[in-house]
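Enquirer: Sharing input-v2.cif here; it has mmCIF, C-alpha atoms.
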data_input
loop_
_atom_site.label_atom_id
_atom_site.label_comp_id
_atom_site.auth_asym_id
_atom_site.auth_seq_id
_atom_site.Cartn_x
_atom_site.Cartn_y
_atom_site.Cartn_z
CA MET A 1 86.96 -71.04 -93.75
CA ARG A 2 86.10 -67.73 -92.10
CA PHE A 3 89.38 -65.87 -92.78
CA THR A 4 91.28 -65.40 -96.02
CA SER A 5 94.71 -64.38 -94.64
CA ILE A 6 96.79 -64.76 -91.49
CA ALA A 7 96.60 -61.02 -90.84
CA GLU A 8 92.81 -61.16 -91.03
CA PHE A 9 92.77 -64.16 -88.70
CA LEU A 10 94.95 -62.36 -86.16
CA ALA A 11 92.78 -59.24 -86.35
CA MET A 12 89.67 -61.28 -85.38
CA GLY A 13 87.32 -58.81 -87.05
CA GLY A 14 88.50 -56.01 -84.76
CA TYR A 15 88.16 -58.04 -81.55
CA ALA A 16 91.80 -59.24 -81.46
CA GLU A 17 92.59 -58.00 -77.94
CA TYR A 18 89.48 -59.64 -76.45
CA VAL A 19 89.64 -62.96 -78.29
CA TRP A 20 93.41 -63.49 -77.93
CA SER A 21 93.61 -62.42 -74.29
CA ALA A 22 90.72 -64.77 -73.40
CA TYR A 23 92.29 -67.72 -75.26
CA GLY A 24 95.75 -66.84 -73.96
CA VAL A 25 94.72 -66.82 -70.30
CA THR A 26 92.67 -70.00 -70.64
CA PHE A 27 95.41 -72.06 -72.24
CA ALA A 28 98.09 -70.55 -70.01
CA VAL A 29 96.10 -71.74 -66.97
CA MET A 30 95.56 -75.20 -68.47
CA ILE A 31 99.20 -75.64 -69.50
CA VAL A 32 100.61 -74.36 -66.19
CA MET A 33 98.31 -76.64 -64.17
CA THR A 34 99.31 -79.62 -66.30
CA LEU A 35 103.05 -78.86 -66.00
CA LEU A 36 102.82 -78.33 -62.23
CA ALA A 37 101.05 -81.68 -61.83
CA LEU A 38 103.65 -83.47 -64.01
CA VAL A 39 106.55 -81.92 -62.07
CA LYS A 40 104.95 -82.83 -58.74
CA SER A 41 104.39 -86.39 -59.94
CA SER A 42 108.01 -86.96 -60.96
CA ARG A 43 109.35 -85.19 -57.84
CA THR A 44 107.19 -87.41 -55.64
CA LEU A 45 108.53 -90.57 -57.30
CA HIS A 46 112.14 -89.39 -56.91
CA LYS A 47 111.57 -88.41 -53.29
CA LEU A 48 110.05 -91.79 -52.43
CA LYS A 49 112.89 -93.62 -54.19
CA PHE A 50 115.40 -91.56 -52.20
CA GLU A 51 113.64 -92.29 -48.91
CA TYR A 52 113.39 -96.03 -49.56
CA ASP A 53 117.08 -96.20 -50.53
CA LEU A 54 117.99 -94.33 -47.36
CA LYS A 55 116.08 -96.84 -45.23
CA VAL A 56 117.79 -99.78 -46.97
CA LYS A 57 121.25 -98.26 -46.33
CA ARG A 58 120.44 -97.71 -42.65
CA GLN A 59 119.33 -101.32 -42.31
CA VAL A 60 122.55 -102.60 -43.88
CA LYS A 61 124.80 -100.55 -41.62
CA PRO A 62 123.05 -100.04 -38.30
CA MET B 1 73.47 -105.31 -60.98
CA ASN B 2 76.16 -107.55 -62.35
CA ILE B 3 78.37 -108.87 -59.55
CA ARG B 4 81.53 -108.43 -61.62
CA LEU B 5 80.73 -104.79 -62.24
CA TRP B 6 80.26 -104.28 -58.50
CA ASN B 7 83.56 -105.97 -57.82
CA TRP B 8 85.23 -103.70 -60.31
CA ILE B 9 83.72 -100.56 -58.74
CA HIS B 10 84.67 -101.79 -55.30
CA LYS B 11 88.25 -102.40 -56.41
CA LEU B 12 88.46 -98.92 -57.91
CA GLY B 13 87.89 -97.60 -54.39
CA SER B 14 91.18 -99.20 -53.36
CA ALA B 15 94.16 -96.95 -53.98
CA LYS B 16 96.29 -99.77 -55.35
CA HIS B 17 93.75 -100.84 -57.95
CA PHE B 18 92.99 -97.27 -58.90
CA TYR B 19 96.70 -96.72 -59.50
CA ARG B 20 97.03 -99.86 -61.63
CA PHE B 21 93.89 -99.17 -63.65
CA SER B 22 94.67 -95.49 -64.25
CA SER B 23 98.16 -96.38 -65.55
CA LEU B 24 96.42 -98.08 -68.44
CA ILE B 25 94.17 -95.19 -69.46
CA LEU B 26 96.10 -92.04 -68.52
CA PRO B 27 98.60 -91.82 -71.45
CA GLY B 28 95.79 -92.34 -73.97
CA LEU B 29 93.65 -89.75 -72.22
CA TRP B 30 96.39 -87.10 -72.56
CA VAL B 31 96.75 -87.83 -76.27
CA VAL B 32 92.98 -87.74 -76.79
CA SER B 33 92.60 -84.43 -74.96
CA VAL B 34 95.36 -82.75 -76.99
CA LEU B 35 93.80 -84.04 -80.23
CA ILE B 36 90.25 -82.99 -79.35
CA LEU B 37 91.35 -79.57 -78.10
CA SER B 38 93.39 -78.92 -81.27
CA LEU B 39 90.44 -79.91 -83.42
CA GLY B 40 88.10 -77.71 -81.37
CA LEU B 41 90.47 -74.73 -81.58
CA TYR B 42 90.79 -75.10 -85.34
CA ALA B 43 87.04 -75.39 -85.83
CA GLY B 44 86.15 -72.65 -83.33
CA LEU B 45 88.72 -70.09 -84.40
CA MET B 46 88.85 -70.72 -88.13
CA LEU B 47 85.91 -72.70 -89.47
CA ALA B 48 82.97 -71.20 -87.56
CA PRO B 49 81.39 -68.16 -89.26
CA ALA B 50 81.31 -64.81 -87.44
CA ASP B 51 78.18 -64.01 -85.43
CA TYR B 52 75.87 -61.56 -87.18
CA GLN B 53 75.58 -59.41 -84.02
CA GLN B 54 78.80 -60.00 -82.10
CA GLY B 55 81.23 -60.49 -84.97
CA ASP B 56 84.29 -62.55 -84.05
CA SER B 57 84.10 -61.72 -80.34
CA PHE B 58 81.58 -64.58 -79.96
CA ARG B 59 84.51 -67.04 -80.39
CA ILE B 60 85.25 -66.52 -76.70
CA MET B 61 82.19 -68.74 -76.21
CA TYR B 62 84.27 -71.78 -77.24
CA ILE B 63 86.37 -71.50 -74.09
CA HIS B 64 83.98 -69.63 -71.79
CA VAL B 65 81.12 -72.13 -72.02
CA PRO B 66 83.28 -75.29 -71.57
CA ALA B 67 85.07 -73.69 -68.59
CA ALA B 68 81.75 -72.68 -67.03
CA ILE B 69 80.15 -76.10 -67.58
CA LEU B 70 83.18 -77.87 -66.20
CA SER B 71 83.46 -75.58 -63.18
CA GLN B 72 79.96 -76.65 -62.10
CA SER B 73 80.42 -80.25 -63.15
CA SER B 74 83.70 -80.53 -61.23
CA TYR B 75 81.94 -79.09 -58.19
CA VAL B 76 79.31 -81.85 -58.41
CA MET B 77 82.14 -84.40 -58.59
CA MET B 78 83.94 -82.82 -55.63
CA ALA B 79 80.76 -82.80 -53.53
CA SER B 80 79.99 -86.42 -54.52
CA MET B 81 83.47 -87.47 -53.44
CA GLY B 82 82.88 -85.58 -50.19
CA ALA B 83 79.60 -87.46 -49.66
CA LEU B 84 81.30 -90.82 -50.41
CA PHE B 85 83.95 -89.98 -47.84
CA LEU B 86 81.42 -88.87 -45.22
CA ILE B 87 79.16 -91.92 -45.65
CA TRP B 88 81.54 -94.80 -46.37
CA LYS B 89 84.84 -93.23 -45.22
CA ILE B 90 86.52 -94.23 -48.49
CA LYS B 91 90.02 -92.74 -48.26
CA LEU B 92 90.43 -92.51 -52.02
CA ALA B 93 87.30 -90.30 -52.16
CA ASP B 94 88.97 -87.86 -49.77
CA VAL B 95 92.08 -87.82 -51.99
CA ALA B 96 89.87 -87.28 -55.06
CA MET B 97 88.05 -84.43 -53.32
CA ARG B 98 91.16 -82.53 -52.34
CA THR B 99 92.89 -83.02 -55.69
CA VAL B 100 89.92 -81.71 -57.73
CA ALA B 101 89.46 -78.51 -55.71
CA PRO B 102 92.37 -76.55 -57.30
CA ILE B 103 91.31 -77.64 -60.81
CA GLY B 104 87.74 -76.53 -60.10
CA ALA B 105 88.90 -73.20 -58.69
CA ALA B 106 91.09 -72.59 -61.76
CA LEU B 107 88.27 -73.45 -64.16
CA THR B 108 85.85 -71.15 -62.33
CA PHE B 109 88.48 -68.41 -62.49
CA VAL B 110 88.83 -69.00 -66.24
CA ALA B 111 85.03 -68.92 -66.69
CA LEU B 112 84.78 -65.61 -64.79
CA LEU B 113 87.75 -64.02 -66.54
CA THR B 114 86.76 -65.03 -70.09
CA GLY B 115 83.23 -63.89 -69.24
CA ALA B 116 84.56 -60.48 -68.19
CA ILE B 117 86.67 -60.19 -71.36
CA TRP B 118 83.65 -61.17 -73.47
CA GLY B 119 81.39 -58.83 -71.50
CA LYS B 120 83.40 -55.73 -72.32
CA PRO B 121 82.70 -55.60 -76.10
CA THR B 122 79.25 -57.21 -75.76
CA TRP B 123 77.68 -55.57 -72.71
CA GLY B 124 80.04 -52.58 -72.46
CA THR B 125 81.22 -53.62 -68.99
CA TRP B 126 83.68 -56.11 -67.47
CA TRP B 127 81.54 -56.94 -64.48
CA VAL B 128 78.07 -56.39 -63.08
CA TRP B 129 76.56 -57.86 -59.93
CA ASP B 130 74.27 -59.98 -62.05
CA ALA B 131 72.89 -63.13 -60.39
CA ARG B 132 74.74 -65.54 -62.70
CA LEU B 133 78.07 -63.77 -62.23
CA THR B 134 77.66 -63.42 -58.47
CA SER B 135 76.67 -67.06 -57.94
CA THR B 136 79.65 -68.17 -60.06
CA LEU B 137 81.93 -66.01 -57.92
CA ILE B 138 80.48 -67.81 -54.88
CA LEU B 139 81.30 -71.12 -56.59
CA MET B 140 84.94 -70.07 -56.78
CA PHE B 141 84.91 -69.16 -53.09
CA LEU B 142 83.47 -72.61 -52.28
CA PHE B 143 86.37 -74.29 -54.10
CA LEU B 144 88.81 -71.97 -52.34
CA GLY B 145 87.07 -72.69 -49.02
CA VAL B 146 87.63 -76.44 -49.42
CA LEU B 147 91.28 -75.72 -50.28
CA ALA B 148 91.65 -73.37 -47.31
CA ILE B 149 90.32 -75.99 -44.89
CA ARG B 150 92.84 -78.54 -46.21
CA ASN B 151 95.67 -76.04 -45.95
CA ALA B 152 94.73 -74.98 -42.43
CA ALA B 153 93.73 -78.36 -40.99
CA GLY B 154 96.00 -80.72 -42.94
CA ASN B 155 95.25 -84.02 -44.64
CA GLY B 156 93.83 -85.92 -41.68
CA PRO B 157 90.34 -87.44 -41.60
CA ALA B 158 88.91 -84.61 -39.45
CA ALA B 159 89.99 -82.01 -42.01
CA GLY B 160 88.59 -84.26 -44.73
CA ARG B 161 85.20 -84.36 -43.00
CA MET B 162 85.10 -80.58 -42.54
CA ALA B 163 85.99 -79.98 -46.18
CA ALA B 164 83.45 -82.60 -47.30
CA ILE B 165 80.67 -81.00 -45.24
CA LEU B 166 81.40 -77.59 -46.77
CA ALA B 167 81.49 -79.12 -50.27
CA VAL B 168 78.16 -80.91 -49.75
CA ILE B 169 76.40 -77.84 -48.29
CA GLY B 170 77.73 -75.73 -51.19
CA VAL B 171 75.74 -77.85 -53.66
CA ILE B 172 72.83 -75.48 -52.87
CA ASN B 173 74.66 -72.90 -54.98
CA LEU B 174 74.46 -75.04 -58.17
CA PRO B 175 70.70 -74.74 -58.89
CA ILE B 176 71.06 -71.05 -58.06
CA ILE B 177 73.71 -70.71 -60.79
CA LYS B 178 71.64 -72.74 -63.21
CA TYR B 179 68.33 -70.91 -62.75
CA SER B 180 69.78 -67.47 -61.97
CA VAL B 181 69.42 -66.47 -65.63
CA ASP B 182 65.69 -67.29 -65.53
CA TRP B 183 64.83 -66.11 -62.00
CA TRP B 184 66.57 -62.75 -62.15
CA PHE B 185 66.80 -61.94 -65.81
CA THR B 186 69.34 -59.13 -65.72
CA LEU B 187 72.33 -59.18 -68.04
CA HIS B 188 73.64 -62.71 -68.56
CA GLN B 189 71.77 -64.50 -71.32
CA PRO B 190 69.90 -67.77 -70.65
CA ALA B 191 71.49 -71.06 -71.72
CA SER B 192 72.24 -71.23 -75.43
CA PHE B 193 72.10 -75.02 -75.33
CA SER B 194 69.89 -77.69 -73.90
CA LEU B 195 70.00 -81.46 -74.12
CA THR B 196 66.41 -81.67 -75.31
CA GLU B 197 66.16 -78.99 -77.97
CA ARG B 198 67.86 -78.36 -81.25
CA PRO B 199 70.26 -75.39 -80.90
CA ALA B 200 69.29 -72.10 -82.52
CA MET B 201 72.76 -71.80 -84.06
CA PRO B 202 73.91 -73.33 -87.35
CA VAL B 203 75.82 -76.61 -87.07
CA GLU B 204 79.22 -75.08 -87.95
CA MET B 205 78.78 -72.81 -84.93
CA TRP B 206 77.63 -75.30 -82.28
CA LEU B 207 79.68 -78.33 -83.31
CA PRO B 208 83.02 -76.67 -82.37
CA LEU B 209 81.48 -75.93 -78.97
CA VAL B 210 80.58 -79.59 -78.45
CA VAL B 211 84.13 -80.56 -79.46
CA MET B 212 85.64 -78.02 -77.05
CA ILE B 213 83.42 -79.24 -74.19
CA LEU B 214 84.61 -82.82 -74.83
CA GLY B 215 88.21 -81.59 -75.03
CA PHE B 216 87.93 -79.74 -71.71
CA TYR B 217 86.39 -82.82 -70.08
CA SER B 218 89.14 -85.16 -71.24
CA TRP B 219 91.87 -82.71 -70.17
CA PHE B 220 90.12 -82.30 -66.82
CA PHE B 221 89.95 -86.05 -66.17
CA ALA B 222 93.56 -86.59 -67.26
CA LEU B 223 94.78 -83.87 -64.88
CA TRP B 224 92.57 -85.07 -62.03
CA ILE B 225 93.72 -88.68 -62.40
CA LEU B 226 97.37 -87.57 -62.48
CA ARG B 227 96.89 -85.52 -59.30
CA ILE B 228 95.12 -88.40 -57.54
CA ARG B 229 97.94 -90.79 -58.50
CA THR B 230 100.60 -88.50 -57.04
CA GLU B 231 98.62 -88.01 -53.85
CA VAL B 232 97.97 -91.76 -53.54
CA LEU B 233 101.72 -92.46 -53.62
CA VAL B 234 102.26 -90.00 -50.76
CA THR B 235 99.43 -91.28 -48.57
CA GLU B 236 100.30 -94.96 -49.23
CA ALA B 237 104.09 -94.50 -49.01
CA ASN B 238 104.37 -97.15 -46.27
CA LYS B 239 102.61 -99.82 -48.30
CA ASP B 240 104.54 -102.60 -50.01
CA TRP B 241 102.96 -102.03 -53.42
CA VAL B 242 104.19 -98.43 -53.51
CA ARG B 243 107.69 -99.51 -52.46
CA GLN B 244 107.78 -102.18 -55.18
CA LEU B 245 106.45 -99.77 -57.78
CA VAL B 246 109.00 -97.08 -56.93
CA ASN B 247 111.93 -99.50 -56.77
CA GLN B 248 111.05 -101.04 -60.13
CA ARG B 249 111.47 -97.71 -61.88
#
Transcribe the structure of this file into structure tokens.
Expert:
Amino acid sequence: MRFTSIAEFLAMGGYAEYVWSAYGVTFAVMIVMTLLALVKSSRTLHKLKFEYDLKVKRQVKP
Amino acid sequence: MNIRLWNWIHKLGSAKHFYRFSSLILPGLWVVSVLILSLGLYAGLMLAPADYQQGDSFRIMYIHVPAAILSQSSYVMMASMGALFLIWKIKLADVAMRTVAPIGAALTFVALLTGAIWGKPTWGTWWVWDARLTSTLILMFLFLGVLAIRNAAGNGPAAGRMAAILAVIGVINLPIIKYSVDWWFTLHQPASFSLTERPAMPVEMWLPLVVMILGFYSWFFALWILRIRTEVLVTEANKDWVRQLVNQR
């Protein structure tokens, strides 16, 4: 283990602002891209379901 | 080659079979990528010793190098999908090409940004017009160019061909990125890893990097597959299998 305390870990040997900003941006990008794709996936399924239901209703009552 | 393997590959080119097959592997792939990335973060941020020259700032390597490798690797995949679409007109290849472009652009952006953040304490500057940095910036513009063509010209086959041609021509940039550090030795260091030689770092330093590269790859494939699946549903919305699948939910 490189660090002996949480404070030392957070300080990153004096490079805290560089290390944490780099990791922060990277994982923010990865998480946001994942969430956007998940939201788009579920929205697409709901939208298709809605459209199919609409077509069925129109066929029943022309 | 084995006829059954060919059949399987051929089926994967059909949107319906791709959708079925990817349903089986996608949940596992998400779990695996979260596990590998957590392990890599723990090893890279806590277990690896500090570098004798760069101190703890070298830990940026564990995200910078995977992002950079994947940005180039995803470009190769995008261009291959473009070639598949141009030669055999496989529709799924066109979908795969346009769904990977934003991921590739984001990864290139991450590689450039983490490189700039790492450059400040190490080189004393955020950015220089070094050959490696400039060719990577061009890589990001190539991804954005493919995206721009799709946004301007839509999702039709003509737009697909234009985007594919740009993607294939842009492959010229990849050997330039790779050899830039040897041809114009300016500021960016040459590769710290190669597949044929033992790394110059101790194992507790390079193993976290290998883990992070694997983690980035599995996350990348999970996200790409998810994006393809969504896009497949939209393009195949008139097909019976999509209707059945949506109504069963």
Enquirer: With all atoms listed in the file as the atoms that count, which of B:Ala79, B:Ile228, B:Leu5, B:Leu133 lies nearest to chain A?
Expert: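 Residue with the minimum atom-to-atom distance to chain A: B:Ile228.
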Enquirer: When the cut-off is 8 Å and we count all atoms listed in the file, which residues of chain B are near chain A, given as a PyMOL selection string?
Expert: chain B and resi 46-50+55-57+59-60+63+103+106+110+113-114+117-118+121+223+226-227+229-230+233-234+237+243+246-247
Enquirer: Can you turn the PyMOL selection byres ((chain B and resi 235) around 10) into a concrete residue list for this file, as a list in words?
Expert: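 Selected by the PyMOL selection byres ((chain B and resi 235) around 10) here: Ala15, Lys91, Leu92, Val95, Asn155, Thr230, Glu231, Val232, Leu233, Val234, Glu236, Ala237, Asn238, Lys239 and Val242 of chain B.
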Enquirer: With a distance cut-off of 10 Å and all atoms listed in the file, select the neighbouring residues of Ile177 of chain B, excluding the residue or stretch itself and same-chain residues fewer than 2 positions from it, and output the selection as a PyMOL selection string.
Expert: chain B and resi 72+131-139+172-175+179-182
Enquirer: By how many Å are atom CA of Lys16 of chain B and atom CA of Ile165 of chain B apart?
Expert: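 Distance between the two atoms: 26.4 Å.
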Enquirer: For this structure, which residues satisfy the selection - the PyMOL selection byres ((chain B and resi 206) around 12) - when it is evaluated on the file as given? I want them as an mmCIF file with C-alpha atoms, keeping the file's coordinate frame.
Expert:
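Result file out24.cif:
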data_model
loop_
_atom_site.group_PDB
_atom_site.id
_atom_site.type_symbol
_atom_site.label_atom_id
_atom_site.label_comp_id
_atom_site.auth_asym_id
_atom_site.auth_seq_id
_atom_site.Cartn_x
_atom_site.Cartn_y
_atom_site.Cartn_z
ATOM 1 C CA GLY B 40 88.100 -77.710 -81.370
ATOM 2 C CA ALA B 43 87.040 -75.390 -85.830
ATOM 3 C CA GLY B 44 86.150 -72.650 -83.330
ATOM 4 C CA LEU B 47 85.910 -72.700 -89.470
ATOM 5 C CA ALA B 48 82.970 -71.200 -87.560
ATOM 6 C CA PRO B 49 81.390 -68.160 -89.260
ATOM 7 C CA ASP B 51 78.180 -64.010 -85.430
ATOM 8 C CA PHE B 58 81.580 -64.580 -79.960
ATOM 9 C CA ARG B 59 84.510 -67.040 -80.390
ATOM 10 C CA MET B 61 82.190 -68.740 -76.210
ATOM 11 C CA TYR B 62 84.270 -71.780 -77.240
ATOM 12 C CA VAL B 65 81.120 -72.130 -72.020
ATOM 13 C CA SER B 192 72.240 -71.230 -75.430
ATOM 14 C CA PHE B 193 72.100 -75.020 -75.330
ATOM 15 C CA SER B 194 69.890 -77.690 -73.900
ATOM 16 C CA ARG B 198 67.860 -78.360 -81.250
ATOM 17 C CA PRO B 199 70.260 -75.390 -80.900
ATOM 18 C CA ALA B 200 69.290 -72.100 -82.520
ATOM 19 C CA MET B 201 72.760 -71.800 -84.060
ATOM 20 C CA PRO B 202 73.910 -73.330 -87.350
ATOM 21 C CA VAL B 203 75.820 -76.610 -87.070
ATOM 22 C CA GLU B 204 79.220 -75.080 -87.950
ATOM 23 C CA MET B 205 78.780 -72.810 -84.930
ATOM 24 C CA LEU B 207 79.680 -78.330 -83.310
ATOM 25 C CA PRO B 208 83.020 -76.670 -82.370
ATOM 26 C CA LEU B 209 81.480 -75.930 -78.970
ATOM 27 C CA VAL B 210 80.580 -79.590 -78.450
ATOM 28 C CA VAL B 211 84.130 -80.560 -79.460
ATOM 29 C CA MET B 212 85.640 -78.020 -77.050
ATOM 30 C CA ILE B 213 83.420 -79.240 -74.190
#
Enquirer: Which value, in Å to one decimal, gives the distance between atom CA of Arg150 of chain B and atom CA of Ser74 of chain B?
Expert: 17.7 Å
Enquirer: Ranking B:His64, B:Ser33, B:Asp94, B:Asn7 by minimum distance to Leu214 of chain B and counting only C-alpha atoms, which one comes first?
Expert: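 Residue with the minimum atom-to-atom distance to Leu214 of chain B: B:Ser33.
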Enquirer: Could you please determine the separation between atom CA of Ser71 of chain B and atom CA of Thr108 of chain B in Å, to one decimal place?
Expert: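 These atoms are spaced 5.1 Å apart.
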